[in-house]
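K.L.:
File target_21.csv below, CSV, C-alpha atoms:
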```csv
chain,number,residue,atom,x,y,z
R,1433,MET,CA,57.5,35.2,20.3
R,1434,GLU,CA,60.4,37.6,20.7
R,1435,PRO,CA,59.3,40.7,22.5
R,1436,ASP,CA,60.9,43.0,19.9
R,1437,THR,CA,59.1,41.4,17.0
R,1438,GLU,CA,56.3,43.9,17.4
R,1439,ALA,CA,58.5,46.9,17.3
R,1440,MET,CA,60.5,45.6,14.3
R,1441,LEU,CA,57.4,44.7,12.3
R,1442,ALA,CA,55.7,48.0,13.1
R,1443,GLY,CA,58.8,49.8,12.0
R,1444,LEU,CA,59.0,47.9,8.8
R,1445,LEU,CA,55.3,48.4,7.9
R,1446,ARG,CA,55.6,52.1,8.7
R,1447,ALA,CA,58.5,52.4,6.4
R,1448,SER,CA,56.7,50.4,3.7
R,1449,LEU,CA,53.7,52.7,3.9
R,1450,ALA,CA,56.0,55.7,3.5
R,1451,GLY,CA,57.2,54.1,0.2
R,1452,ASP,CA,60.1,51.8,1.1
R,1453,GLU,CA,59.7,48.8,-1.1
R,1454,LYS,CA,62.6,46.8,0.4
R,1455,ALA,CA,61.1,47.3,3.9
R,1456,TYR,CA,57.8,46.0,2.5
R,1457,ALA,CA,59.3,42.8,1.2
R,1458,GLU,CA,61.0,42.2,4.5
R,1459,PHE,CA,57.8,42.9,6.4
R,1460,LEU,CA,55.9,40.4,4.2
R,1461,HIS,CA,58.5,37.7,4.5
R,1462,ARG,CA,58.5,38.0,8.3
R,1463,ALA,CA,54.7,38.2,8.4
R,1464,ALA,CA,54.5,35.1,6.2
R,1465,ALA,CA,56.8,33.2,8.6
R,1466,LEU,CA,54.7,34.1,11.6
R,1467,VAL,CA,51.4,33.3,9.9
R,1468,ARG,CA,52.9,29.9,8.7
R,1469,GLY,CA,53.9,29.1,12.3
R,1470,PHE,CA,50.5,30.0,13.5
R,1471,VAL,CA,48.6,28.0,10.9
R,1472,ARG,CA,50.8,24.9,11.5
R,1473,ARG,CA,50.2,25.1,15.2
R,1474,LYS,CA,46.5,25.0,14.6
R,1475,GLY,CA,46.9,21.7,12.8
R,1476,GLY,CA,46.9,23.5,9.5
R,1477,MET,CA,45.7,21.9,6.4
R,1478,ASP,CA,47.0,23.5,3.2
R,1479,THR,CA,49.2,25.8,5.3
R,1480,GLU,CA,50.7,27.7,2.4
R,1481,ASP,CA,47.2,28.3,1.1
R,1482,VAL,CA,46.2,30.2,4.1
R,1483,VAL,CA,49.6,32.0,4.3
R,1484,GLN,CA,49.2,33.3,0.8
R,1485,GLU,CA,45.6,34.3,1.3
R,1486,THR,CA,46.6,36.2,4.4
R,1487,LEU,CA,49.4,38.0,2.7
R,1488,LEU,CA,47.1,39.1,-0.1
R,1489,ALA,CA,44.6,40.4,2.5
R,1490,ILE,CA,47.3,42.1,4.4
R,1491,HIS,CA,48.4,43.8,1.2
R,1492,LEU,CA,44.9,44.9,0.0
R,1493,LYS,CA,43.8,46.0,3.5
R,1494,ARG,CA,47.0,47.6,4.8
R,1495,HIS,CA,45.3,50.9,5.0
R,1496,THR,CA,43.2,49.5,7.9
R,1497,TRP,CA,46.3,49.4,10.2
R,1498,ARG,CA,46.5,52.4,12.4
R,1499,GLN,CA,50.2,53.4,12.5
R,1500,GLU,CA,49.9,54.2,16.3
R,1501,SER,CA,48.4,50.8,17.1
R,1502,PRO,CA,50.4,47.5,17.6
R,1503,VAL,CA,50.8,45.6,14.3
R,1504,LEU,CA,50.8,42.0,15.6
R,1505,PRO,CA,47.2,42.0,16.8
R,1506,TRP,CA,46.2,43.4,13.4
R,1507,LEU,CA,48.2,40.9,11.5
R,1508,PHE,CA,46.9,37.9,13.5
R,1509,ALA,CA,43.3,39.1,13.4
R,1510,ILE,CA,43.6,39.0,9.6
R,1511,ALA,CA,45.3,35.5,9.7
R,1512,ARG,CA,42.6,34.3,12.1
R,1513,TYR,CA,39.9,35.5,9.8
R,1514,LYS,CA,41.4,33.8,6.8
R,1515,LEU,CA,42.1,30.6,8.6
R,1516,ILE,CA,38.5,30.4,9.9
R,1517,ASP,CA,37.3,31.2,6.4
R,1518,ALA,CA,39.4,28.5,4.8
R,1519,TRP,CA,38.0,25.9,7.3
R,1520,ARG,CA,34.5,27.1,6.7
R,1521,ARG,CA,34.9,26.6,2.9
R,1522,ARG,CA,35.6,23.0,3.7
R,1523,GLY,CA,32.5,22.8,5.8
R,1524,ARG,CA,34.3,22.7,9.1
R,1525,ARG,CA,34.6,25.0,12.0
R,1526,ILE,CA,37.7,26.0,14.0
R,1527,ASP,CA,37.9,27.9,17.2
R,1528,VAL,CA,40.9,30.2,17.3
R,1529,ASP,CA,41.5,32.0,20.5
R,1530,ILE,CA,43.3,35.2,20.4
R,1531,ASP,CA,45.8,33.9,22.9
R,1532,ASP,CA,46.8,31.2,20.4
R,1533,PHE,CA,49.1,33.8,18.9
R,1534,ARG,CA,51.3,34.3,22.0
R,1535,GLU,CA,53.5,31.3,21.4
R,1536,VAL,CA,53.7,31.4,17.7
R,1537,ILE,CA,57.1,30.5,16.3
R,1538,ALA,CA,58.1,31.8,12.8
R,1539,ALA,CA,58.4,29.0,10.3
R,1540,PRO,CA,60.3,29.0,7.0
R,1541,GLU,CA,58.6,28.4,3.7
R,1542,PRO,CA,58.9,24.8,2.5
R,1543,GLN,CA,61.5,24.4,-0.3
R,1544,GLU,CA,58.9,23.2,-2.8
R,1545,ALA,CA,55.3,24.5,-2.9
R,1546,LEU,CA,53.9,21.0,-2.5
R,1547,ASN,CA,50.2,21.6,-2.5
R,1548,GLU,CA,48.1,22.1,-5.5
R,1549,ARG,CA,45.6,24.3,-3.8
R,1550,ASP,CA,47.5,27.5,-3.8
R,1551,LEU,CA,47.3,30.7,-5.7
R,1552,GLY,CA,48.8,29.2,-8.8
R,1553,ARG,CA,45.5,27.4,-9.3
R,1554,VAL,CA,43.3,30.5,-9.1
R,1555,LEU,CA,45.9,32.4,-11.2
R,1556,ASP,CA,44.7,30.4,-14.2
R,1557,ALA,CA,41.2,31.8,-13.7
R,1558,LEU,CA,42.3,35.4,-14.2
R,1559,PRO,CA,41.7,37.2,-17.5
R,1560,ALA,CA,44.6,36.6,-19.8
R,1561,GLY,CA,46.0,40.2,-19.6
R,1562,GLN,CA,46.1,40.2,-15.8
R,1563,ARG,CA,47.4,36.7,-15.6
R,1564,SER,CA,50.4,37.4,-17.9
R,1565,VAL,CA,51.3,40.5,-15.9
R,1566,VAL,CA,50.9,38.8,-12.5
R,1567,SER,CA,52.8,35.7,-13.4
R,1568,SER,CA,55.6,37.7,-15.1
R,1569,ILE,CA,56.2,39.6,-11.9
R,1570,SER,CA,55.6,36.8,-9.4
R,1571,VAL,CA,56.6,33.5,-10.9
R,1572,ASP,CA,59.1,34.8,-13.5
R,1573,GLY,CA,60.5,37.5,-11.1
R,1574,ASN,CA,60.4,40.3,-13.6
R,1575,SER,CA,60.2,44.0,-12.6
R,1576,ILE,CA,57.4,46.3,-13.7
R,1577,SER,CA,59.5,47.8,-16.4
R,1578,GLU,CA,60.8,44.4,-17.6
R,1579,THR,CA,57.2,43.1,-17.7
R,1580,ALA,CA,56.1,46.2,-19.7
R,1581,GLU,CA,58.9,45.6,-22.2
R,1582,LYS,CA,58.2,41.9,-22.5
R,1583,LEU,CA,54.4,42.3,-23.0
R,1584,GLY,CA,54.6,45.5,-25.1
R,1585,MET,CA,52.6,47.5,-22.6
R,1586,ASN,CA,53.4,50.8,-20.9
R,1587,GLU,CA,54.3,50.7,-17.2
R,1588,THR,CA,51.0,52.3,-16.0
R,1589,ALA,CA,49.0,49.6,-17.8
R,1590,VAL,CA,51.2,47.0,-16.1
R,1591,ARG,CA,50.7,48.5,-12.7
R,1592,VAL,CA,46.9,48.7,-13.2
R,1593,ALA,CA,46.7,45.1,-14.5
R,1594,LEU,CA,48.9,43.9,-11.5
R,1595,HIS,CA,46.7,45.7,-9.0
R,1596,ARG,CA,43.4,44.5,-10.5
R,1597,GLY,CA,44.9,41.0,-10.9
R,1598,LEU,CA,45.8,40.8,-7.2
R,1599,LYS,CA,42.4,42.0,-6.2
R,1600,ALA,CA,40.8,39.4,-8.5
R,1601,LEU,CA,43.1,36.7,-7.0
R,1602,ALA,CA,41.9,37.6,-3.5
R,1603,SER,CA,38.2,37.5,-4.3
R,1604,LYS,CA,38.5,34.3,-6.4
R,1605,PHE,CA,40.4,32.7,-3.6
R,1606,GLY,CA,37.6,33.6,-1.2
R,1607,ARG,CA,35.0,31.9,-3.4
R,1608,GLY,CA,36.8,28.6,-3.3
R,1609,GLY,CA,39.1,29.1,-6.3
R,1610,ALA,CA,38.8,28.2,-9.9
A,450,MET,CA,52.9,29.9,-7.0
A,451,LYS,CA,55.5,30.0,-4.3
A,452,THR,CA,54.9,32.4,-1.4
A,453,ASP,CA,58.2,34.2,-2.3
A,454,ASP,CA,56.8,34.8,-5.8
A,455,LEU,CA,53.6,36.2,-4.4
A,456,ILE,CA,55.6,38.6,-2.2
A,457,SER,CA,57.4,39.9,-5.3
A,458,ALA,CA,54.1,40.7,-6.8
A,459,LEU,CA,52.8,42.4,-3.7
A,460,GLN,CA,56.0,44.4,-3.4
A,461,ALA,CA,55.7,45.6,-7.0
A,462,ASP,CA,52.1,46.7,-6.2
A,463,SER,CA,53.1,48.6,-3.1
A,464,ALA,CA,53.2,52.1,-4.7
A,465,VAL,CA,49.4,52.1,-4.8
A,466,ARG,CA,48.3,54.5,-2.1
A,467,ASP,CA,44.9,53.8,-0.6
A,468,MET,CA,42.8,56.4,1.1
A,469,GLN,CA,43.2,56.6,4.9
A,470,LEU,CA,40.3,54.8,6.6
A,471,ALA,CA,39.7,57.7,9.0
A,472,ASN,CA,39.1,60.0,6.0
A,473,VAL,CA,36.8,57.4,4.4
A,474,TRP,CA,34.7,57.4,7.6
A,475,LYS,CA,34.5,61.2,7.7
A,476,ALA,CA,33.4,61.3,4.1
A,477,ALA,CA,30.9,58.4,4.6
A,478,PHE,CA,29.4,60.1,7.7
A,479,ALA,CA,29.0,63.4,5.9
A,480,ALA,CA,27.5,61.6,2.9
A,481,ALA,CA,25.1,59.6,5.1
A,482,VAL,CA,23.8,62.7,6.9
A,483,LEU,CA,23.4,64.4,3.5
A,484,ALA,CA,21.5,61.4,2.0
A,485,ALA,CA,19.2,61.2,5.0
A,486,ALA,CA,18.5,65.0,4.8
A,487,LEU,CA,17.7,64.7,1.1
A,488,VAL,CA,15.2,61.9,1.6
A,489,PHE,CA,13.7,63.6,4.7
A,490,PHE,CA,13.2,67.0,3.0
A,491,ALA,CA,11.9,65.3,-0.2
A,492,MET,CA,9.2,63.4,1.6
A,493,LEU,CA,8.7,65.2,4.9
A,494,SER,CA,9.3,68.5,6.8
A,495,PRO,CA,9.9,69.5,10.3
A,496,ARG,CA,6.7,69.8,12.3
A,497,ALA,CA,4.9,73.2,12.1
A,498,ASP,CA,5.1,73.8,15.8
A,499,ILE,CA,8.7,72.9,16.2
A,500,ALA,CA,9.6,76.1,18.1
A,501,ALA,CA,7.0,75.5,20.7
A,502,ALA,CA,7.8,71.8,20.9
A,503,LEU,CA,11.4,72.6,21.7
A,504,THR,CA,10.4,74.3,24.9
A,505,THR,CA,8.8,71.1,26.2
A,506,MET,CA,10.7,68.2,27.8
A,507,ARG,CA,9.5,65.4,25.7
A,508,PHE,CA,10.3,66.6,22.2
A,509,PRO,CA,14.0,67.4,22.9
A,510,PHE,CA,14.3,64.1,24.7
A,511,LYS,CA,13.8,62.3,21.4
A,512,PHE,CA,17.0,63.9,20.1
A,513,VAL,CA,18.8,63.0,23.3
A,514,VAL,CA,18.0,59.3,22.5
A,515,THR,CA,18.7,59.4,18.8
A,516,ILE,CA,21.9,61.4,19.1
A,517,ALA,CA,23.1,59.1,21.9
A,518,LEU,CA,22.6,56.2,19.5
A,519,VAL,CA,24.7,57.9,16.8
A,520,VAL,CA,27.4,58.9,19.3
A,521,SER,CA,27.7,55.4,20.7
A,522,ALA,CA,27.3,53.4,17.5
A,523,ALA,CA,29.8,55.4,15.4
A,524,PRO,CA,33.0,54.7,17.4
A,525,LEU,CA,32.0,51.0,17.7
A,526,LEU,CA,31.6,50.8,14.0
A,527,PHE,CA,35.0,52.3,13.4
A,528,LEU,CA,36.6,49.8,15.7
A,529,LEU,CA,34.9,46.8,14.1
A,530,ALA,CA,36.1,48.0,10.7
A,531,ARG,CA,39.8,47.4,11.7
A,532,PRO,CA,41.2,43.9,12.4
A,533,GLY,CA,42.6,43.4,15.8
A,534,GLN,CA,41.1,46.4,17.6
A,535,ARG,CA,39.7,45.8,21.0
A,536,TRP,CA,36.0,46.6,21.0
A,537,THR,CA,33.0,46.4,23.4
A,538,ALA,CA,29.4,46.8,22.6
A,539,SER,CA,28.7,47.9,26.1
A,540,THR,CA,28.7,51.7,25.2
A,541,LEU,CA,25.6,51.0,23.2
A,542,LEU,CA,23.8,50.3,26.5
A,543,VAL,CA,23.7,54.0,27.1
A,544,VAL,CA,20.7,54.2,24.7
A,545,PRO,CA,18.4,51.8,26.5
A,546,VAL,CA,19.4,53.4,29.8
A,547,ILE,CA,18.4,56.8,28.6
A,548,ILE,CA,15.1,55.4,27.1
A,549,ALA,CA,14.4,53.7,30.4
A,550,LEU,CA,14.9,56.9,32.3
A,551,GLY,CA,12.5,58.7,30.0
A,552,VAL,CA,9.9,55.9,30.2
A,553,GLY,CA,10.2,56.0,34.0
A,554,MET,CA,9.5,59.7,34.1
A,555,GLU,CA,6.6,59.3,31.7
A,556,LEU,CA,5.1,56.5,33.8
A,557,PHE,CA,5.5,58.6,36.9
A,558,THR,CA,4.0,61.8,35.5
A,559,LEU,CA,1.3,60.7,33.2
A,560,PRO,CA,-2.1,59.6,34.5
A,561,ALA,CA,-2.7,55.9,34.1
A,562,ASP,CA,-5.6,56.4,31.6
A,563,ALA,CA,-3.4,58.5,29.3
A,564,LEU,CA,-0.6,55.9,29.0
A,565,LYS,CA,-2.1,53.7,26.3
A,566,SER,CA,-2.8,56.6,23.9
A,567,ALA,CA,0.7,58.0,24.5
A,568,TRP,CA,2.2,54.6,23.8
A,569,ILE,CA,0.2,53.8,20.6
A,570,GLY,CA,0.4,57.4,19.4
A,571,LYS,CA,-1.0,58.5,16.1
A,572,THR,CA,1.8,57.7,13.7
A,573,ALA,CA,3.3,54.4,14.8
A,574,MET,CA,3.1,52.9,11.3
A,575,PHE,CA,4.7,55.9,9.7
A,576,CYS,CA,7.4,55.9,12.2
A,577,MET,CA,8.3,52.2,11.6
A,578,VAL,CA,8.3,52.7,7.9
A,579,LEU,CA,9.9,56.1,7.5
A,580,ILE,CA,12.9,55.6,9.8
A,581,PRO,CA,14.1,52.6,7.8
A,582,LEU,CA,13.3,54.5,4.5
A,583,ILE,CA,15.3,57.5,5.5
A,584,GLY,CA,18.1,55.2,6.8
A,585,LEU,CA,18.5,53.0,3.8
A,586,ALA,CA,20.8,55.2,1.9
A,587,PRO,CA,23.0,55.9,4.9
A,588,LEU,CA,23.1,52.2,5.6
A,589,ALA,CA,24.3,51.5,2.0
A,590,ILE,CA,27.0,54.2,2.4
A,591,PHE,CA,28.3,52.7,5.7
A,592,LEU,CA,28.3,49.2,4.2
A,593,ALA,CA,30.3,50.5,1.3
A,594,ALA,CA,32.8,52.0,3.7
A,595,LEU,CA,33.0,48.7,5.6
A,596,ARG,CA,33.7,46.9,2.4
A,597,TYR,CA,36.7,49.2,1.9
A,598,ALA,CA,37.7,48.4,5.5
A,599,ALA,CA,38.3,44.9,6.9
A,600,PRO,CA,35.6,43.9,9.4
A,601,THR,CA,36.3,40.4,10.8
A,602,ARG,CA,32.7,40.2,12.2
A,603,PRO,CA,30.6,40.9,9.1
A,604,VAL,CA,27.1,40.3,10.6
A,605,LEU,CA,27.8,42.3,13.7
A,606,SER,CA,29.5,45.1,11.7
A,607,GLY,CA,26.5,45.2,9.4
A,608,ALA,CA,24.1,45.4,12.3
A,609,VAL,CA,26.0,48.3,13.9
A,610,ALA,CA,26.1,50.1,10.6
A,611,GLY,CA,22.3,49.7,10.7
A,612,LEU,CA,22.1,51.1,14.2
A,613,LEU,CA,24.2,54.1,13.1
A,614,ALA,CA,22.1,54.7,10.0
A,615,GLY,CA,19.0,54.3,12.2
A,616,GLY,CA,20.3,56.9,14.7
A,617,ILE,CA,20.8,59.4,11.9
A,618,ALA,CA,17.4,58.6,10.3
A,619,ALA,CA,15.6,58.8,13.6
A,620,THR,CA,17.2,62.1,14.4
A,621,PHE,CA,15.7,63.6,11.2
A,622,TYR,CA,12.4,61.8,11.6
A,623,ALA,CA,12.0,63.0,15.2
A,624,ALA,CA,11.9,66.6,13.9
A,625,HIS,CA,8.8,65.6,11.9
A,626,CYS,CA,7.1,63.3,14.3
A,627,THR,CA,4.4,64.7,16.6
A,628,ASP,CA,4.3,61.7,18.9
A,629,ASP,CA,6.7,62.7,21.7
A,630,SER,CA,6.1,60.3,24.5
A,631,PRO,CA,9.1,58.3,25.6
A,632,LEU,CA,6.8,55.3,25.6
A,633,PHE,CA,6.2,55.9,21.8
A,634,VAL,CA,10.0,56.4,21.2
A,635,ALA,CA,10.8,53.3,23.2
A,636,THR,CA,8.6,51.1,21.1
A,637,TRP,CA,8.2,52.4,17.5
A,638,TYR,CA,11.5,54.2,17.1
A,639,THR,CA,13.2,51.2,18.4
A,640,LEU,CA,11.4,48.9,16.0
A,641,GLY,CA,12.3,51.1,13.1
A,642,VAL,CA,16.0,51.3,14.1
A,643,LEU,CA,16.2,47.6,14.8
A,644,GLY,CA,14.7,46.9,11.4
A,645,LEU,CA,17.6,48.7,9.9
A,646,ALA,CA,20.0,46.8,12.1
A,647,ALA,CA,18.5,43.6,10.9
A,648,ILE,CA,18.8,44.6,7.3
A,649,GLY,CA,22.4,45.6,7.9
A,650,ALA,CA,23.2,42.3,9.6
A,651,LEU,CA,21.6,40.3,6.8
A,652,VAL,CA,23.3,42.2,4.0
A,653,GLY,CA,26.5,42.3,5.9
A,654,LYS,CA,26.6,38.6,6.0
A,655,PHE,CA,26.9,38.5,2.3
A,656,VAL,CA,28.6,41.7,1.2
A,657,LEU,CA,31.1,42.2,3.9
A,658,ARG,CA,33.3,39.1,3.3
A,659,TRP,CA,36.8,39.8,2.1
```
Would you mind writing the file's structure down as structure tokens?
P.N.:
Amino acid sequence: MEPDTEAMLAGLLRASLAGDEKAYAEFLHRAAALVRGFVRRKGGMDTEDVVQETLLAIHLKRHTWRQESPVLPWLFAIARYKLIDAWRRRGRRIDVDIDDFREVIAAPEPQEALNERDLGRVLDALPAGQRSVVSSISVDGNSISETAEKLGMNETAVRVALHRGLKALASKFGRGGA
Amino acid sequence: MKTDDLISALQADSAVRDMQLANVWKAAFAAAVLAAALVFFAMLSPRADIAAALTTMRFPFKFVVTIALVVSAAPLLFLLARPGQRWTASTLLVVPVIIALGVGMELFTLPADALKSAWIGKTAMFCMVLIPLIGLAPLAIFLAALRYAAPTRPVLSGAVAGLLAGGIAATFYAAHCTDDSPLFVATWYTLGVLGLAAIGALVGKFVLRW
């Protein structure tokens, strides 16, 4: 891993927490690539599954990062937790040593999301209101205001539905999906 | 859903500001002490001879033990609540070391025929029931705070939450309890606190997954 990855990622996340949305997207893309490389290296099954679960957890638990602490150990501890959890749900065990992170190489997202067992599957289990908001913003790529207009909601309601929908996605995923 | 699509959704949700974990812990700790105090003063009261007892060695020693437990369990719990923090449980060892010193003094100073009654005391059952009872609400508060955090070791984190709740509960209970022998504390206080730790570990296994 490049030695300055830590400094760059920490800077991006710090900027994100201060309200910089662009920095946040950049941080998440880079985090996704690192987690993907890590899961693949562990002989990953359903790699993109674990990547997406980890991203959701990073998002919902980002207040647990201490801004004065290094970000990579935090990020990989979350990825490790989610990877072990994914294996456990399949009735298997995996040992992930903390040193496994040292040689992780970032990996790009596959062109097509090939596997069925990703978030799209649990998306269908969300209540209709949350599902339409989450898929409008994620799959269709609309902004908050475009989504509000399309669905005839006000922006606050869209934000609330999005946040609740993401939380529901995370917990449904943890219970083995729909 | 493609990962890029998910990132778009997360980015759109990034304006939500969560409470800083450090502030959550401060609030949780204050609420836990308050909850323990409420249960304590609703059911019990400080012993009548507390002023005289404070001039002895054995009564204040109980607080040294219980406060040492609080002081060593709290930082460990805060570390376990954040992914990727280096932690060690070895600081907790200060508590058995202090207890062992007290027990050593007691064995050295007390005549042999008085040891058994000092050890059994008069209130062992109360102690084992009341410490968990006072500590239940604090434990629930710490588990709720842990759910807001991200403990990657749910069972261990639940157990340490139980130790911290037990330390707070035992500090209150010690003010009521008239059995002051370190032998008594080493046995019955420990059992009460470990009971809370066991409850915390068991509940943590189920409620602390995220």
K.L.:
Taking 4 positions as the minimum chain separation for residues in the same chain, which residues sit within 7 Å of segment 574-591 of chain A when counting all atoms listed in the file? Answer as a PyMOL selection string.
P.N.:
chain A and resi 477+481+484-485+488-489+595+610-611+614-615+618-619+622+637-638+640-642+644-645
K.L.:
Could you list, as a list of chain:residue names, the residues of chain A having an atom within 7 Å of chain R when counting only C-alpha atoms?
P.N.:
A:Met450, A:Lys451, A:Thr452, A:Asp454, A:Leu455, A:Ile456, A:Ser457, A:Ala458, A:Leu459, A:Gln460, A:Ala461, A:Asp462, A:Ser463, A:Ala464, A:Asp467, A:Gln469, A:Leu470, A:Arg531, A:Pro532, A:Gly533, A:Ala598, A:Ala599, A:Thr601, A:Trp659
K.L.:
I need the residue nearest Gly616 of chain A from this list: A:Lys571, A:Arg602, A:Lys565, A:Lys511. Use all atoms listed in the file for the distance.
P.N.:
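Using all atoms listed in the file, the shortest distance to Gly616 of chain A belongs to A:Lys511.
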K.L.:
Between atom CA of Val482 of chain A and atom CA of Ala538 of chain A, what is the distance in Å, rounded to a tenth?
P.N.:
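Rounded to one decimal, the two atoms are 23.0 Å apart.
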K.L.:
Just how far from atom CA of Pro631 of chain A is atom CA of Leu556 of chain A, in Å to one decimal?
P.N.:
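For atom CA of Leu556 of chain A relative to atom CA of Pro631 of chain A, the distance reads 9.3 Å.
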K.L.:
Can you tell me how far atom CA of Gly570 of chain A sits from atom CA of Ala624 of chain A, in Å to one decimal?
P.N.:
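Between these atoms lies a distance of 15.7 Å.
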K.L.:
Within 12 Å of Glu1500 of chain R, counting all atoms listed in the file, which residues qualify if same-chain residues fewer than 6 places away don't, as an NGL selection string?
P.N.:
(:R and (1439 or 1442-1443 or 1445-1446 or 1506)) or (:A and (534))
K.L.:
Put those residues in a file: C-alpha atoms, as a tab-separated table (two decimals), in the frame of the given file.
P.N.:
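Below is the file selection.tsv, written as the result:
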```tsv
chain	number	residue	atom	x	y	z
R	1439	ALA	CA	58.50	46.90	17.30
R	1442	ALA	CA	55.70	48.00	13.10
R	1443	GLY	CA	58.80	49.80	12.00
R	1445	LEU	CA	55.30	48.40	7.90
R	1446	ARG	CA	55.60	52.10	8.70
R	1506	TRP	CA	46.20	43.40	13.40
A	534	GLN	CA	41.10	46.40	17.60
```
K.L.:
Looking at A:Ala567, A:Ala486, A:Val552, A:Ala573, which one is nearest to Phe510 of chain A, with distances taken over only C-alpha atoms?
P.N.:
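Smallest distance to Phe510 of chain A is found for A:Val552.
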K.L.:
Measuring between all atoms listed in the file, which one of A:Leu632, A:Ala549, A:Ala530, A:Ala563 shows the shortest distance to Val604 of chain A?
P.N.:
A:Ala530
K.L.:
Quick one: everything within 10 Å of Arg535 of chain A, counting all atoms listed in the file, minus sequence neighbours fewer than 6 positions away in the same chain. Send it as a PDB file with C-alpha atoms, in the frame of the given file.
P.N.:
```pdb
ATOM      1  CA  PRO R1505      47.200  42.000  16.800  1.00  0.00           C
TER       2      PRO R1505
ATOM      3  CA  LEU A 525      32.000  51.000  17.700  1.00  0.00           C
ATOM      4  CA  LEU A 528      36.600  49.800  15.700  1.00  0.00           C
ATOM      5  CA  LEU A 529      34.900  46.800  14.100  1.00  0.00           C
TER       6      LEU A 529
END
```
K.L.:
Some atoms are absent from segment 1506-1522 of chain R, so rebuild N, CA and C atoms and return them as a PDB file, in the coordinates of the input.
P.N.:
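Output contents, as saved in rebuild_15.pdb:
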```pdb
ATOM      1  N   TRP R1506      46.796  43.197  14.727  1.00  0.00           N
ATOM      2  CA  TRP R1506      46.200  43.400  13.400  1.00  0.00           C
ATOM      3  C   TRP R1506      46.484  42.286  12.474  1.00  0.00           C
ATOM      4  N   LEU R1507      47.757  41.930  12.429  1.00  0.00           N
ATOM      5  CA  LEU R1507      48.200  40.900  11.500  1.00  0.00           C
ATOM      6  C   LEU R1507      47.544  39.530  11.860  1.00  0.00           C
ATOM      7  N   PHE R1508      47.509  39.202  13.148  1.00  0.00           N
ATOM      8  CA  PHE R1508      46.900  37.900  13.500  1.00  0.00           C
ATOM      9  C   PHE R1508      45.416  37.904  13.414  1.00  0.00           C
ATOM     10  N   ALA R1509      44.789  39.071  13.570  1.00  0.00           N
ATOM     11  CA  ALA R1509      43.300  39.100  13.400  1.00  0.00           C
ATOM     12  C   ALA R1509      43.006  38.786  11.909  1.00  0.00           C
ATOM     13  N   ILE R1510      43.839  39.265  10.992  1.00  0.00           N
ATOM     14  CA  ILE R1510      43.600  39.000   9.600  1.00  0.00           C
ATOM     15  C   ILE R1510      43.900  37.468   9.322  1.00  0.00           C
ATOM     16  N   ALA R1511      44.991  36.951   9.887  1.00  0.00           N
ATOM     17  CA  ALA R1511      45.300  35.500   9.700  1.00  0.00           C
ATOM     18  C   ALA R1511      44.214  34.638  10.274  1.00  0.00           C
ATOM     19  N   ARG R1512      43.697  35.028  11.429  1.00  0.00           N
ATOM     20  CA  ARG R1512      42.600  34.300  12.100  1.00  0.00           C
ATOM     21  C   ARG R1512      41.391  34.241  11.193  1.00  0.00           C
ATOM     22  N   TYR R1513      41.052  35.417  10.671  1.00  0.00           N
ATOM     23  CA  TYR R1513      39.900  35.500   9.800  1.00  0.00           C
ATOM     24  C   TYR R1513      40.030  34.634   8.573  1.00  0.00           C
ATOM     25  N   LYS R1514      41.217  34.648   7.981  1.00  0.00           N
ATOM     26  CA  LYS R1514      41.400  33.800   6.800  1.00  0.00           C
ATOM     27  C   LYS R1514      41.492  32.352   7.087  1.00  0.00           C
ATOM     28  N   LEU R1515      42.031  32.017   8.260  1.00  0.00           N
ATOM     29  CA  LEU R1515      42.100  30.600   8.600  1.00  0.00           C
ATOM     30  C   LEU R1515      40.661  30.059   8.872  1.00  0.00           C
ATOM     31  N   ILE R1516      39.862  30.825   9.609  1.00  0.00           N
ATOM     32  CA  ILE R1516      38.500  30.400   9.900  1.00  0.00           C
ATOM     33  C   ILE R1516      37.716  30.268   8.553  1.00  0.00           C
ATOM     34  N   ASP R1517      37.964  31.228   7.650  1.00  0.00           N
ATOM     35  CA  ASP R1517      37.300  31.200   6.400  1.00  0.00           C
ATOM     36  C   ASP R1517      37.694  29.977   5.543  1.00  0.00           C
ATOM     37  N   ALA R1518      38.975  29.627   5.588  1.00  0.00           N
ATOM     38  CA  ALA R1518      39.400  28.500   4.800  1.00  0.00           C
ATOM     39  C   ALA R1518      38.793  27.181   5.369  1.00  0.00           C
ATOM     40  N   TRP R1519      38.649  27.090   6.674  1.00  0.00           N
ATOM     41  CA  TRP R1519      38.000  25.900   7.300  1.00  0.00           C
ATOM     42  C   TRP R1519      36.525  25.890   6.899  1.00  0.00           C
ATOM     43  N   ARG R1520      35.905  27.062   6.937  1.00  0.00           N
ATOM     44  CA  ARG R1520      34.500  27.100   6.700  1.00  0.00           C
ATOM     45  C   ARG R1520      34.200  26.665   5.219  1.00  0.00           C
ATOM     46  N   ARG R1521      35.094  27.030   4.317  1.00  0.00           N
ATOM     47  CA  ARG R1521      34.900  26.600   2.900  1.00  0.00           C
ATOM     48  C   ARG R1521      34.931  25.102   2.772  1.00  0.00           C
ATOM     49  N   ARG R1522      35.583  24.442   3.709  1.00  0.00           N
ATOM     50  CA  ARG R1522      35.600  23.000   3.700  1.00  0.00           C
ATOM     51  C   ARG R1522      34.520  22.407   4.577  1.00  0.00           C
TER      52      ARG R1522
END
```
